[in-house]
file coords.pdb (PDB, C-alpha atoms, pLDDT in the B column)
ATOM      1  CA  MET Q   9      -5.818  -9.355  15.571  1.00 44.00           C
ATOM      2  CA  SER Q  10      -2.806  -8.886  17.800  1.00 56.00           C
ATOM      3  CA  VAL Q  11      -2.684  -5.891  20.109  1.00 78.00           C
ATOM      4  CA  ARG Q  12      -0.900  -2.976  18.455  1.00 86.00           C
ATOM      5  CA  ARG Q  13       0.837  -0.467  20.701  1.00 90.00           C
ATOM      6  CA  LEU Q  14       2.916   2.643  20.147  1.00 92.00           C
ATOM      7  CA  ALA Q  15       6.684   2.327  20.223  1.00 90.00           C
ATOM      8  CA  LYS Q  16       8.279   2.726  23.653  1.00 92.00           C
ATOM      9  CA  GLU Q  17      10.736   5.329  22.400  1.00 92.00           C
ATOM     10  CA  GLN Q  18       9.080   8.431  20.960  1.00 95.00           C
ATOM     11  CA  PRO Q  19      10.435  11.664  19.467  1.00 95.00           C
ATOM     12  CA  ALA Q  20      10.060  14.821  21.527  1.00 95.00           C
ATOM     13  CA  SER Q  21       7.907  16.584  18.942  1.00 96.00           C
ATOM     14  CA  PHE Q  22       6.395  16.512  15.483  1.00 97.00           C
ATOM     15  CA  ALA Q  23       5.754  19.198  12.879  1.00 97.00           C
ATOM     16  CA  PHE Q  24       3.875  18.986   9.603  1.00 97.00           C
ATOM     17  CA  SER Q  25       6.014  19.835   6.609  1.00 97.00           C
ATOM     18  CA  PRO Q  26       4.539  22.599   4.422  1.00 97.00           C
ATOM     19  CA  GLU Q  27       3.779  20.043   1.710  1.00 97.00           C
ATOM     20  CA  THR Q  28       2.055  17.652   4.137  1.00 97.00           C
ATOM     21  CA  LEU Q  29       0.019  20.454   5.705  1.00 97.00           C
ATOM     22  CA  GLU Q  30      -1.088  21.687   2.292  1.00 97.00           C
ATOM     23  CA  LYS Q  31      -2.281  18.203   1.331  1.00 97.00           C
ATOM     24  CA  ALA Q  32      -3.911  17.727   4.741  1.00 97.00           C
ATOM     25  CA  ASN Q  33      -5.920  20.933   4.304  1.00 97.00           C
ATOM     26  CA  TRP Q  34      -6.915  19.743   0.831  1.00 97.00           C
ATOM     27  CA  TRP Q  35      -8.379  16.594   2.383  1.00 97.00           C
ATOM     28  CA  ILE Q  36     -10.076  18.513   5.190  1.00 97.00           C
ATOM     29  CA  ALA Q  37     -11.766  20.785   2.646  1.00 97.00           C
ATOM     30  CA  LYS Q  38     -13.542  17.742   1.184  1.00 96.00           C
ATOM     31  CA  TYR Q  39     -15.750  17.489   4.276  1.00 96.00           C
ATOM     32  CA  PRO Q  40     -18.184  19.846   6.037  1.00 96.00           C
ATOM     33  CA  GLU Q  41     -16.462  21.749   8.828  1.00 93.00           C
ATOM     34  CA  SER Q  42     -18.411  19.772  11.423  1.00 94.00           C
ATOM     35  CA  ARG Q  43     -17.043  16.542   9.909  1.00 95.00           C
ATOM     36  CA  ARG Q  44     -13.401  17.515   9.432  1.00 96.00           C
ATOM     37  CA  GLN Q  45     -12.362  14.528  11.565  1.00 96.00           C
ATOM     38  CA  SER Q  46     -13.400  12.328   8.621  1.00 97.00           C
ATOM     39  CA  ALA Q  47     -10.034  13.203   7.082  1.00 97.00           C
ATOM     40  CA  VAL Q  48      -8.139  11.341   9.814  1.00 98.00           C
ATOM     41  CA  ILE Q  49      -7.171   8.304   7.706  1.00 98.00           C
ATOM     42  CA  PRO Q  50      -5.705  10.197   4.722  1.00 97.00           C
ATOM     43  CA  ILE Q  51      -3.884  12.573   7.062  1.00 98.00           C
ATOM     44  CA  LEU Q  52      -2.416   9.671   9.022  1.00 98.00           C
ATOM     45  CA  TRP Q  53      -1.189   8.320   5.681  1.00 97.00           C
ATOM     46  CA  LEU Q  54       0.325  11.702   4.746  1.00 98.00           C
ATOM     47  CA  VAL Q  55       2.152  11.827   8.064  1.00 98.00           C
ATOM     48  CA  GLN Q  56       3.466   8.303   7.553  1.00 96.00           C
ATOM     49  CA  LYS Q  57       4.729   9.245   4.088  1.00 96.00           C
ATOM     50  CA  GLN Q  58       6.509  12.223   5.654  1.00 96.00           C
ATOM     51  CA  GLU Q  59       8.028  10.472   8.657  1.00 95.00           C
ATOM     52  CA  GLY Q  60       8.003   6.803   7.685  1.00 94.00           C
ATOM     53  CA  TRP Q  61       5.820   5.979  10.693  1.00 95.00           C
ATOM     54  CA  CYS Q  62       3.169   7.426  13.014  1.00 97.00           C
ATOM     55  CA  SER Q  63       4.597   8.633  16.316  1.00 97.00           C
ATOM     56  CA  GLU Q  64       2.641   9.710  19.383  1.00 97.00           C
ATOM     57  CA  PRO Q  65       3.468  13.420  18.893  1.00 97.00           C
ATOM     58  CA  ALA Q  66       2.244  13.082  15.301  1.00 98.00           C
ATOM     59  CA  LEU Q  67      -1.042  11.539  16.455  1.00 98.00           C
ATOM     60  CA  ARG Q  68      -1.536  14.405  18.902  1.00 98.00           C
ATOM     61  CA  ALA Q  69      -0.803  16.948  16.175  1.00 98.00           C
ATOM     62  CA  ILE Q  70      -3.376  15.288  13.911  1.00 98.00           C
ATOM     63  CA  ALA Q  71      -5.938  15.348  16.728  1.00 98.00           C
ATOM     64  CA  GLU Q  72      -5.326  19.062  17.262  1.00 97.00           C
ATOM     65  CA  LEU Q  73      -5.533  19.794  13.523  1.00 97.00           C
ATOM     66  CA  LEU Q  74      -8.845  17.967  13.204  1.00 97.00           C
ATOM     67  CA  GLY Q  75     -10.333  19.133  16.513  1.00 96.00           C
ATOM     68  CA  MET Q  76     -10.917  15.607  17.774  1.00 96.00           C
ATOM     69  CA  PRO Q  77      -9.855  13.721  20.919  1.00 97.00           C
ATOM     70  CA  TYR Q  78      -6.385  12.172  20.777  1.00 97.00           C
ATOM     71  CA  ILE Q  79      -7.801   8.783  21.785  1.00 96.00           C
ATOM     72  CA  ARG Q  80      -9.913   8.708  18.608  1.00 97.00           C
ATOM     73  CA  VAL Q  81      -6.850   9.190  16.421  1.00 97.00           C
ATOM     74  CA  LEU Q  82      -5.028   6.522  18.443  1.00 96.00           C
ATOM     75  CA  GLU Q  83      -7.918   4.116  17.901  1.00 96.00           C
ATOM     76  CA  VAL Q  84      -7.688   4.532  14.127  1.00 96.00           C
ATOM     77  CA  ALA Q  85      -3.898   4.274  13.990  1.00 96.00           C
ATOM     78  CA  THR Q  86      -3.803   1.103  16.095  1.00 95.00           C
ATOM     79  CA  PHE Q  87      -6.705  -0.558  14.263  1.00 94.00           C
ATOM     80  CA  TYR Q  88      -5.386  -0.280  10.690  1.00 93.00           C
ATOM     81  CA  THR Q  89      -2.237  -2.308  10.165  1.00 89.00           C
ATOM     82  CA  MET Q  90      -1.153  -0.110   7.248  1.00 92.00           C
ATOM     83  CA  PHE Q  91      -0.057   2.458   9.829  1.00 95.00           C
ATOM     84  CA  GLN Q  92       3.413   1.785  11.249  1.00 95.00           C
ATOM     85  CA  LEU Q  93       3.644   2.480  14.978  1.00 95.00           C
ATOM     86  CA  GLU Q  94       7.427   2.320  15.246  1.00 93.00           C
ATOM     87  CA  PRO Q  95      10.261   3.415  12.963  1.00 94.00           C
ATOM     88  CA  VAL Q  96      10.828   1.314   9.860  1.00 94.00           C
ATOM     89  CA  GLY Q  97      13.728   1.058   7.453  1.00 94.00           C
ATOM     90  CA  LYS Q  98      14.046   2.911   4.170  1.00 94.00           C
ATOM     91  CA  VAL Q  99      12.732  -0.233   2.489  1.00 96.00           C
ATOM     92  CA  LEU Q 100       9.586  -1.789   3.979  1.00 96.00           C
ATOM     93  CA  VAL Q 101       9.107  -5.376   2.794  1.00 97.00           C
ATOM     94  CA  GLN Q 102       5.645  -6.835   3.401  1.00 97.00           C
ATOM     95  CA  VAL Q 103       5.492 -10.514   2.475  1.00 97.00           C
ATOM     96  CA  CYS Q 104       2.029 -11.944   1.892  1.00 96.00           C
ATOM     97  CA  GLY Q 105       1.598 -14.978   4.126  1.00 95.00           C
ATOM     98  CA  THR Q 106      -1.967 -15.940   3.247  1.00 95.00           C
ATOM     99  CA  THR Q 107      -2.827 -19.412   1.908  1.00 95.00           C
ATOM    100  CA  PRO Q 108      -2.319 -18.945  -1.879  1.00 94.00           C
ATOM    101  CA  CYS Q 109       1.096 -17.358  -1.366  1.00 96.00           C
ATOM    102  CA  MET Q 110       2.100 -19.941   1.227  1.00 96.00           C
ATOM    103  CA  LEU Q 111       1.194 -22.734  -1.160  1.00 96.00           C
ATOM    104  CA  ARG Q 112       3.376 -21.100  -3.798  1.00 95.00           C
ATOM    105  CA  GLY Q 113       6.449 -20.608  -1.610  1.00 96.00           C
ATOM    106  CA  ALA Q 114       5.951 -17.596   0.668  1.00 96.00           C
ATOM    107  CA  GLY Q 115       7.661 -19.522   3.444  1.00 96.00           C
ATOM    108  CA  ASP Q 116      10.878 -19.509   1.430  1.00 97.00           C
ATOM    109  CA  LEU Q 117      10.564 -15.738   0.925  1.00 98.00           C
ATOM    110  CA  ILE Q 118      10.208 -15.315   4.676  1.00 97.00           C
ATOM    111  CA  THR Q 119      13.386 -17.319   5.179  1.00 97.00           C
ATOM    112  CA  VAL Q 120      15.216 -14.953   2.811  1.00 97.00           C
ATOM    113  CA  CYS Q 121      13.970 -11.966   4.814  1.00 97.00           C
ATOM    114  CA  LYS Q 122      15.128 -13.530   8.081  1.00 96.00           C
ATOM    115  CA  ASP Q 123      18.563 -14.307   6.633  1.00 95.00           C
ATOM    116  CA  LYS Q 124      19.159 -10.958   4.899  1.00 95.00           C
ATOM    117  CA  ILE Q 125      17.287  -8.549   7.196  1.00 95.00           C
ATOM    118  CA  GLY Q 126      16.771 -10.133  10.628  1.00 94.00           C
ATOM    119  CA  ALA Q 127      13.769 -10.464  12.904  1.00 93.00           C
ATOM    120  CA  LYS Q 128      10.426  -9.411  11.502  1.00 91.00           C
ATOM    121  CA  ASP Q 129       8.743  -6.171  12.568  1.00 90.00           C
ATOM    122  CA  HIS Q 130      12.086  -4.635  13.527  1.00 89.00           C
ATOM    123  CA  MET Q 131      14.359  -2.321  11.608  1.00 92.00           C
ATOM    124  CA  SER Q 132      17.640  -3.860  10.464  1.00 92.00           C
ATOM    125  CA  ALA Q 133      20.828  -2.732  12.184  1.00 89.00           C
ATOM    126  CA  ASP Q 134      21.904  -0.677   9.156  1.00 89.00           C
ATOM    127  CA  GLY Q 135      18.536   1.116   8.982  1.00 91.00           C
ATOM    128  CA  TRP Q 136      17.855  -0.109   5.482  1.00 94.00           C
ATOM    129  CA  PHE Q 137      15.084  -2.662   5.947  1.00 96.00           C
ATOM    130  CA  THR Q 138      12.058  -3.708   7.924  1.00 96.00           C
ATOM    131  CA  TRP Q 139      10.105  -6.787   6.921  1.00 96.00           C
ATOM    132  CA  GLN Q 140       6.671  -7.981   7.953  1.00 95.00           C
ATOM    133  CA  GLU Q 141       4.371 -10.884   7.214  1.00 95.00           C
ATOM    134  CA  VAL Q 142       0.962  -9.520   6.219  1.00 94.00           C
ATOM    135  CA  GLU Q 143      -2.451 -10.782   5.221  1.00 92.00           C
ATOM    136  CA  CYS Q 144      -3.704 -11.088   1.634  1.00 94.00           C
ATOM    137  CA  LEU Q 145      -2.589  -8.247  -0.625  1.00 94.00           C
ATOM    138  CA  GLY Q 146      -4.938  -9.283  -3.423  1.00 93.00           C
ATOM    139  CA  ALA Q 147      -2.397 -10.536  -5.961  1.00 93.00           C
ATOM    140  CA  CYS Q 148      -3.097 -14.236  -5.472  1.00 94.00           C
ATOM    141  CA  VAL Q 149      -2.752 -15.105  -9.176  1.00 92.00           C
ATOM    142  CA  ASN Q 150       0.855 -13.904  -9.074  1.00 94.00           C
ATOM    143  CA  ALA Q 151       1.791 -15.648  -5.821  1.00 95.00           C
ATOM    144  CA  PRO Q 152       4.090 -15.575  -4.013  1.00 97.00           C
ATOM    145  CA  MET Q 153       4.488 -11.831  -3.782  1.00 97.00           C
ATOM    146  CA  ALA Q 154       5.488  -8.971  -1.541  1.00 97.00           C
ATOM    147  CA  GLN Q 155       4.726  -5.286  -1.350  1.00 97.00           C
ATOM    148  CA  ILE Q 156       7.955  -3.311  -1.091  1.00 97.00           C
ATOM    149  CA  ASN Q 157       7.315   0.304  -0.150  1.00 94.00           C
ATOM    150  CA  ASP Q 158       4.532   1.358  -2.548  1.00 93.00           C
ATOM    151  CA  TYR Q 159       4.828  -1.353  -5.203  1.00 96.00           C
ATOM    152  CA  TYR Q 160       4.021  -5.026  -5.747  1.00 97.00           C
ATOM    153  CA  TYR Q 161       6.761  -7.544  -6.597  1.00 97.00           C
ATOM    154  CA  GLU Q 162       5.132 -10.711  -7.880  1.00 97.00           C
ATOM    155  CA  ASP Q 163       5.932 -14.278  -8.970  1.00 96.00           C
ATOM    156  CA  LEU Q 164       8.920 -14.198  -6.648  1.00 97.00           C
ATOM    157  CA  THR Q 165      11.447 -16.920  -5.913  1.00 97.00           C
ATOM    158  CA  PRO Q 166      13.955 -16.904  -3.061  1.00 97.00           C
ATOM    159  CA  GLU Q 167      16.632 -16.011  -5.596  1.00 97.00           C
ATOM    160  CA  SER Q 168      14.733 -13.122  -7.167  1.00 97.00           C
ATOM    161  CA  LEU Q 169      13.750 -11.677  -3.784  1.00 98.00           C
ATOM    162  CA  ALA Q 170      17.342 -11.890  -2.551  1.00 97.00           C
ATOM    163  CA  ASP Q 171      18.487 -10.071  -5.689  1.00 97.00           C
ATOM    164  CA  ILE Q 172      15.824  -7.386  -5.214  1.00 97.00           C
ATOM    165  CA  LEU Q 173      16.927  -6.769  -1.623  1.00 97.00           C
ATOM    166  CA  ASP Q 174      20.577  -6.551  -2.691  1.00 96.00           C
ATOM    167  CA  LYS Q 175      19.676  -3.979  -5.329  1.00 96.00           C
ATOM    168  CA  PHE Q 176      17.757  -1.859  -2.830  1.00 96.00           C
ATOM    169  CA  ARG Q 177      20.714  -1.961  -0.439  1.00 94.00           C
ATOM    170  CA  ALA Q 178      22.968  -0.831  -3.306  1.00 94.00           C
ATOM    171  CA  GLY Q 179      20.745   2.201  -3.834  1.00 93.00           C
ATOM    172  CA  GLU Q 180      19.059   0.888  -6.966  1.00 95.00           C
ATOM    173  CA  LYS Q 181      15.317   0.781  -7.671  1.00 94.00           C
ATOM    174  CA  PRO Q 182      14.373  -2.722  -8.862  1.00 96.00           C
ATOM    175  CA  TYR Q 183      11.433  -2.771 -11.261  1.00 95.00           C
ATOM    176  CA  PRO Q 184       8.094  -3.820  -9.732  1.00 96.00           C
ATOM    177  CA  GLY Q 185       5.629  -6.294 -11.184  1.00 95.00           C
ATOM    178  CA  SER Q 186       5.960  -9.918 -12.226  1.00 94.00           C
ATOM    179  CA  TYR Q 187       9.328 -11.653 -12.029  1.00 95.00           C
ATOM    180  CA  ALA Q 188       8.052 -14.496 -14.208  1.00 92.00           C
ATOM    181  CA  GLY Q 189       7.588 -12.322 -17.276  1.00 88.00           C
ATOM    182  CA  ARG Q 190       3.814 -12.272 -17.218  1.00 87.00           C
ATOM    183  CA  HIS Q 191       1.745  -9.190 -18.089  1.00 83.00           C
ATOM    184  CA  SER Q 192      -0.648  -8.121 -15.355  1.00 83.00           C
ATOM    185  CA  SER Q 193      -2.436 -11.268 -14.106  1.00 84.00           C
ATOM    186  CA  GLU Q 194      -2.693 -13.154 -17.376  1.00 82.00           C
ATOM    187  CA  PRO Q 195      -1.391 -16.740 -17.598  1.00 81.00           C
ATOM    188  CA  GLN Q 196       2.337 -17.213 -17.916  1.00 79.00           C
ATOM    189  CA  GLY Q 197       3.194 -17.245 -21.606  1.00 78.00           C
ATOM    190  CA  GLY Q 198       0.327 -14.917 -22.497  1.00 78.00           C
ATOM    191  CA  ALA Q 199      -3.447 -14.973 -22.739  1.00 78.00           C
ATOM    192  CA  LEU Q 200      -5.019 -18.289 -23.771  1.00 82.00           C
ATOM    193  CA  THR Q 201      -8.617 -17.170 -24.373  1.00 84.00           C
ATOM    194  CA  LEU Q 202     -10.343 -14.203 -26.038  1.00 83.00           C
ATOM    195  CA  THR Q 203      -7.290 -13.661 -28.228  1.00 84.00           C
ATOM    196  CA  ASP Q 204      -9.121 -12.627 -31.432  1.00 87.00           C
ATOM    197  CA  PRO Q 205      -8.260  -8.940 -32.103  1.00 86.00           C
ATOM    198  CA  LYS Q 206     -11.750  -8.442 -33.552  1.00 86.00           C
ATOM    199  CA  LEU Q 207     -13.098  -8.663 -30.022  1.00 84.00           C
ATOM    200  CA  TYR Q 208     -11.343  -5.441 -29.150  1.00 83.00           C
ATOM    201  CA  ASP Q 209     -10.767  -3.360 -32.297  1.00 85.00           C
ATOM    202  CA  GLY Q 210     -14.461  -2.811 -33.038  1.00 82.00           C
ATOM    203  CA  SER Q 211     -14.476  -4.612 -36.389  1.00 83.00           C
ATOM    204  CA  ALA Q 212     -16.864  -7.294 -35.142  1.00 79.00           C
ATOM    205  CA  ALA Q 213     -19.350  -4.831 -33.704  1.00 78.00           C
ATOM    206  CA  LYS Q 214     -22.764  -4.684 -35.347  1.00 77.00           C
ATOM    207  CA  LYS Q 215     -24.793  -1.548 -35.830  1.00 75.00           C
ATOM    208  CA  ILE Q 216     -27.648  -1.375 -33.361  1.00 73.00           C
ATOM    209  CA  LYS Q 217     -31.031  -1.456 -35.114  1.00 73.00           C
ATOM    210  CA  GLN Q 218     -33.069   1.662 -34.426  1.00 70.00           C
ATOM    211  CA  LEU Q 219     -36.296   0.846 -32.592  1.00 71.00           C
ATOM    212  CA  PRO Q 220     -39.534   2.330 -33.933  1.00 74.00           C
ATOM    213  CA  ASN Q 221     -40.309   5.765 -32.469  1.00 73.00           C
ATOM    214  CA  ALA Q 222     -37.027   5.738 -30.517  1.00 68.00           C
ATOM    215  CA  PRO Q 223     -35.388   9.173 -30.212  1.00 68.00           C
ATOM    216  CA  THR Q 224     -32.381   9.826 -32.393  1.00 67.00           C
ATOM    217  CA  PRO Q 225     -29.356  11.867 -31.346  1.00 62.00           C
ATOM    218  CA  GLU Q 226     -30.855  14.750 -33.342  1.00 63.00           C
ATOM    219  CA  THR Q 227     -34.242  14.604 -31.604  1.00 63.00           C
ATOM    220  CA  ALA Q 228     -33.189  13.586 -28.130  1.00 57.00           C
ATOM    221  CA  THR Q 229     -33.149  16.347 -25.556  1.00 57.00           C
TER     222      THR Q 229
END

call {"tool": "encode", "arguments": {"input": "coords.pdb", "output": "structure tokens"}}
result
Amino acid sequence: MSVRRLAKEQPASFAFSPETLEKANWWIAKYPESRRQSAVIPILWLVQKQEGWCSEPALRAIAELLGMPYIRVLEVATFYTMFQLEPVGKVLVQVCGTTPCMLRGAGDLITVCKDKIGAKDHMSADGWFTWQEVECLGACVNAPMAQINDYYYEDLTPESLADILDKFRAGEKPYPGSYAGRHSSEPQGGALTLTDPKLYDGSAAKKIKQLPNAPTPETAT
């Protein structure tokens, strides 16, 4: 894993929004008081949803809230790559670059990102985009794919990804999911096996034979 460091330029301060603080306290309440630091990961995520990234003042505020050393919060934030350590654009594009996606054309998606956004891991000049190459996102059947903000965009082509980025820049919200028309992770064109409706509507189910001396719903306690 490459070394992850905080951004060189940091804001002067950080403050939890009322909504973020309310959710943070909800997470803290899930743990014994002596283990409140166990809420560090969800609270880091809440802060990132509020700010778009995790700044040094935010990490210090989390450490103070949880009563734990700042270095411990820093260790968590720098270990997990889901936490952004420098500002990102309004649209965060994370292209899967693991083997199945690469075999299906992820390299072409990366080229689109370079052409339309710029260098990876850096916010575009207009503040709209940041793109990254990431490890497996677990949607290998629908490769190549990318996570854009909170959603998966699957079965992508260079053309469909370019169109998605253009729509985001225009203020639209392109639909997530497969761009090859498939449902979930089933084969393109629909399911090919286990297609008999009787397998799912209960009509093929057989009544279970009652075993001798087995308790019935009336006698069971």

call {"tool": "residues_around", "arguments": {"input": "coords.pdb", "residues": "segment 19-22 of chain Q", "least_positions_apart": "2", "cutoff": "8 Å", "atoms": "only C-alpha atoms", "output": "ChimeraX atom specification"}}
result
/Q:17,24,63,65-66,69

call {"tool": "atom_distance", "arguments": {"input": "coords.pdb", "atom1": "atom CA of Val99 of chain Q", "atom2": "atom CA of Asp174 of chain Q"}}
result
11.3 Å

call {"tool": "closest_residue", "arguments": {"input": "coords.pdb", "among": "Q:Leu164, Q:Glu83, Q:Gly60, Q:Leu67", "to": "Thr138 of chain Q", "atoms": "only C-alpha atoms"}}
result
Q:Gly60

call {"tool": "atom_distance", "arguments": {"input": "coords.pdb", "atom1": "atom CA of Ala170 of chain Q", "atom2": "atom CA of Glu194 of chain Q"}}
result
25.0 Å

call {"tool": "resolve_selection", "arguments": {"input": "coords.pdb", "expression": "the PyMOL selection byres ((chain Q and resi 172) around 12)", "output": "ChimeraX atom specification"}}
result
/Q:99,101,117,120-121,124,154-156,161-162,164-171,173-185,187

call {"tool": "atom_distance", "arguments": {"input": "coords.pdb", "atom1": "atom CA of Leu52 of chain Q", "atom2": "atom CA of Lys31 of chain Q"}}
result
11.5 Å

call {"tool": "closest_residue", "arguments": {"input": "coords.pdb", "among": "Q:Cys109, Q:Leu73, Q:Gln102, Q:Arg12", "to": "Ile36 of chain Q", "atoms": "only C-alpha atoms"}}
result
Q:Leu73

call {"tool": "residues_around", "arguments": {"input": "coords.pdb", "residues": "Phe91 of chain Q", "least_positions_apart": "3", "cutoff": "7 Å", "atoms": "all atoms listed in the file", "output": "list in words"}}
result
Trp61, Cys62, Ala85 and Tyr88 of chain Q

call {"tool": "closest_residue", "arguments": {"input": "coords.pdb", "among": "Q:Thr86, Q:Asn150, Q:Gln58, Q:Gln140", "to": "Ala188 of chain Q", "atoms": "all atoms listed in the file"}}
result
Q:Asn150

call {"tool": "decode", "arguments": {"input": "coords.pdb", "residues": "segment 150-175 of chain Q", "atoms": "N, CA and C atoms", "output": "PDB file, in the first residue's frame"}}
result
ATOM      1  N   ASN Q 150     -20.138  -7.576 -13.581  1.00  0.00           N
ATOM      2  CA  ASN Q 150     -20.585  -6.452 -14.396  1.00  0.00           C
ATOM      3  C   ASN Q 150     -19.426  -5.548 -14.807  1.00  0.00           C
ATOM      4  N   ALA Q 151     -18.247  -6.117 -14.954  1.00  0.00           N
ATOM      5  CA  ALA Q 151     -17.065  -5.348 -15.340  1.00  0.00           C
ATOM      6  C   ALA Q 151     -17.158  -4.886 -16.799  1.00  0.00           C
ATOM      7  N   PRO Q 152     -16.507  -3.748 -17.091  1.00  0.00           N
ATOM      8  CA  PRO Q 152     -15.834  -2.830 -16.177  1.00  0.00           C
ATOM      9  C   PRO Q 152     -16.833  -1.892 -15.508  1.00  0.00           C
ATOM     10  N   MET Q 153     -16.449  -1.391 -14.338  1.00  0.00           N
ATOM     11  CA  MET Q 153     -17.382  -0.572 -13.581  1.00  0.00           C
ATOM     12  C   MET Q 153     -16.633   0.491 -12.807  1.00  0.00           C
ATOM     13  N   ALA Q 154     -17.408   1.415 -12.266  1.00  0.00           N
ATOM     14  CA  ALA Q 154     -16.846   2.482 -11.439  1.00  0.00           C
ATOM     15  C   ALA Q 154     -17.864   2.846 -10.375  1.00  0.00           C
ATOM     16  N   GLN Q 155     -17.364   3.202  -9.208  1.00  0.00           N
ATOM     17  CA  GLN Q 155     -18.236   3.790  -8.191  1.00  0.00           C
ATOM     18  C   GLN Q 155     -18.159   5.300  -8.341  1.00  0.00           C
ATOM     19  N   ILE Q 156     -19.303   5.932  -8.507  1.00  0.00           N
ATOM     20  CA  ILE Q 156     -19.363   7.387  -8.624  1.00  0.00           C
ATOM     21  C   ILE Q 156     -20.167   7.906  -7.451  1.00  0.00           C
ATOM     22  N   ASN Q 157     -19.517   8.656  -6.576  1.00  0.00           N
ATOM     23  CA  ASN Q 157     -20.079   9.042  -5.290  1.00  0.00           C
ATOM     24  C   ASN Q 157     -20.537   7.782  -4.560  1.00  0.00           C
ATOM     25  N   ASP Q 158     -21.819   7.610  -4.297  1.00  0.00           N
ATOM     26  CA  ASP Q 158     -22.271   6.480  -3.489  1.00  0.00           C
ATOM     27  C   ASP Q 158     -22.795   5.303  -4.302  1.00  0.00           C
ATOM     28  N   TYR Q 159     -22.741   5.364  -5.622  1.00  0.00           N
ATOM     29  CA  TYR Q 159     -23.423   4.353  -6.428  1.00  0.00           C
ATOM     30  C   TYR Q 159     -22.489   3.684  -7.438  1.00  0.00           C
ATOM     31  N   TYR Q 160     -22.880   2.465  -7.826  1.00  0.00           N
ATOM     32  CA  TYR Q 160     -22.125   1.693  -8.811  1.00  0.00           C
ATOM     33  C   TYR Q 160     -22.691   1.942 -10.215  1.00  0.00           C
ATOM     34  N   TYR Q 161     -21.788   2.139 -11.163  1.00  0.00           N
ATOM     35  CA  TYR Q 161     -22.124   2.255 -12.586  1.00  0.00           C
ATOM     36  C   TYR Q 161     -21.383   1.124 -13.287  1.00  0.00           C
ATOM     37  N   GLU Q 162     -22.143   0.205 -13.876  1.00  0.00           N
ATOM     38  CA  GLU Q 162     -21.588  -1.076 -14.301  1.00  0.00           C
ATOM     39  C   GLU Q 162     -21.757  -1.314 -15.799  1.00  0.00           C
ATOM     40  N   ASP Q 163     -21.015  -2.302 -16.303  1.00  0.00           N
ATOM     41  CA  ASP Q 163     -21.047  -2.639 -17.738  1.00  0.00           C
ATOM     42  C   ASP Q 163     -20.770  -1.399 -18.581  1.00  0.00           C
ATOM     43  N   LEU Q 164     -19.752  -0.655 -18.183  1.00  0.00           N
ATOM     44  CA  LEU Q 164     -19.464   0.616 -18.845  1.00  0.00           C
ATOM     45  C   LEU Q 164     -18.658   0.422 -20.125  1.00  0.00           C
ATOM     46  N   THR Q 165     -18.803   1.368 -21.023  1.00  0.00           N
ATOM     47  CA  THR Q 165     -17.945   1.515 -22.194  1.00  0.00           C
ATOM     48  C   THR Q 165     -17.350   2.917 -22.133  1.00  0.00           C
ATOM     49  N   PRO Q 166     -16.313   3.186 -22.897  1.00  0.00           N
ATOM     50  CA  PRO Q 166     -15.798   4.566 -22.906  1.00  0.00           C
ATOM     51  C   PRO Q 166     -16.885   5.580 -23.254  1.00  0.00           C
ATOM     52  N   GLU Q 167     -17.758   5.208 -24.174  1.00  0.00           N
ATOM     53  CA  GLU Q 167     -18.815   6.131 -24.592  1.00  0.00           C
ATOM     54  C   GLU Q 167     -19.828   6.372 -23.472  1.00  0.00           C
ATOM     55  N   SER Q 168     -20.238   5.311 -22.799  1.00  0.00           N
ATOM     56  CA  SER Q 168     -21.235   5.485 -21.738  1.00  0.00           C
ATOM     57  C   SER Q 168     -20.652   6.242 -20.556  1.00  0.00           C
ATOM     58  N   LEU Q 169     -19.383   5.989 -20.211  1.00  0.00           N
ATOM     59  CA  LEU Q 169     -18.771   6.726 -19.113  1.00  0.00           C
ATOM     60  C   LEU Q 169     -18.635   8.203 -19.468  1.00  0.00           C
ATOM     61  N   ALA Q 170     -18.222   8.495 -20.690  1.00  0.00           N
ATOM     62  CA  ALA Q 170     -18.100   9.892 -21.113  1.00  0.00           C
ATOM     63  C   ALA Q 170     -19.446  10.591 -21.019  1.00  0.00           C
ATOM     64  N   ASP Q 171     -20.506   9.907 -21.419  1.00  0.00           N
ATOM     65  CA  ASP Q 171     -21.849  10.491 -21.350  1.00  0.00           C
ATOM     66  C   ASP Q 171     -22.271  10.719 -19.900  1.00  0.00           C
ATOM     67  N   ILE Q 172     -21.946   9.778 -19.025  1.00  0.00           N
ATOM     68  CA  ILE Q 172     -22.267   9.928 -17.604  1.00  0.00           C
ATOM     69  C   ILE Q 172     -21.572  11.152 -17.017  1.00  0.00           C
ATOM     70  N   LEU Q 173     -20.289  11.317 -17.319  1.00  0.00           N
ATOM     71  CA  LEU Q 173     -19.543  12.465 -16.805  1.00  0.00           C
ATOM     72  C   LEU Q 173     -20.119  13.772 -17.332  1.00  0.00           C
ATOM     73  N   ASP Q 174     -20.496  13.803 -18.600  1.00  0.00           N
ATOM     74  CA  ASP Q 174     -21.101  15.011 -19.170  1.00  0.00           C
ATOM     75  C   ASP Q 174     -22.411  15.356 -18.463  1.00  0.00           C
ATOM     76  N   LYS Q 175     -23.182  14.338 -18.139  1.00  0.00           N
ATOM     77  CA  LYS Q 175     -24.459  14.580 -17.460  1.00  0.00           C
ATOM     78  C   LYS Q 175     -24.241  15.102 -16.043  1.00  0.00           C
TER      79      LYS Q 175
END
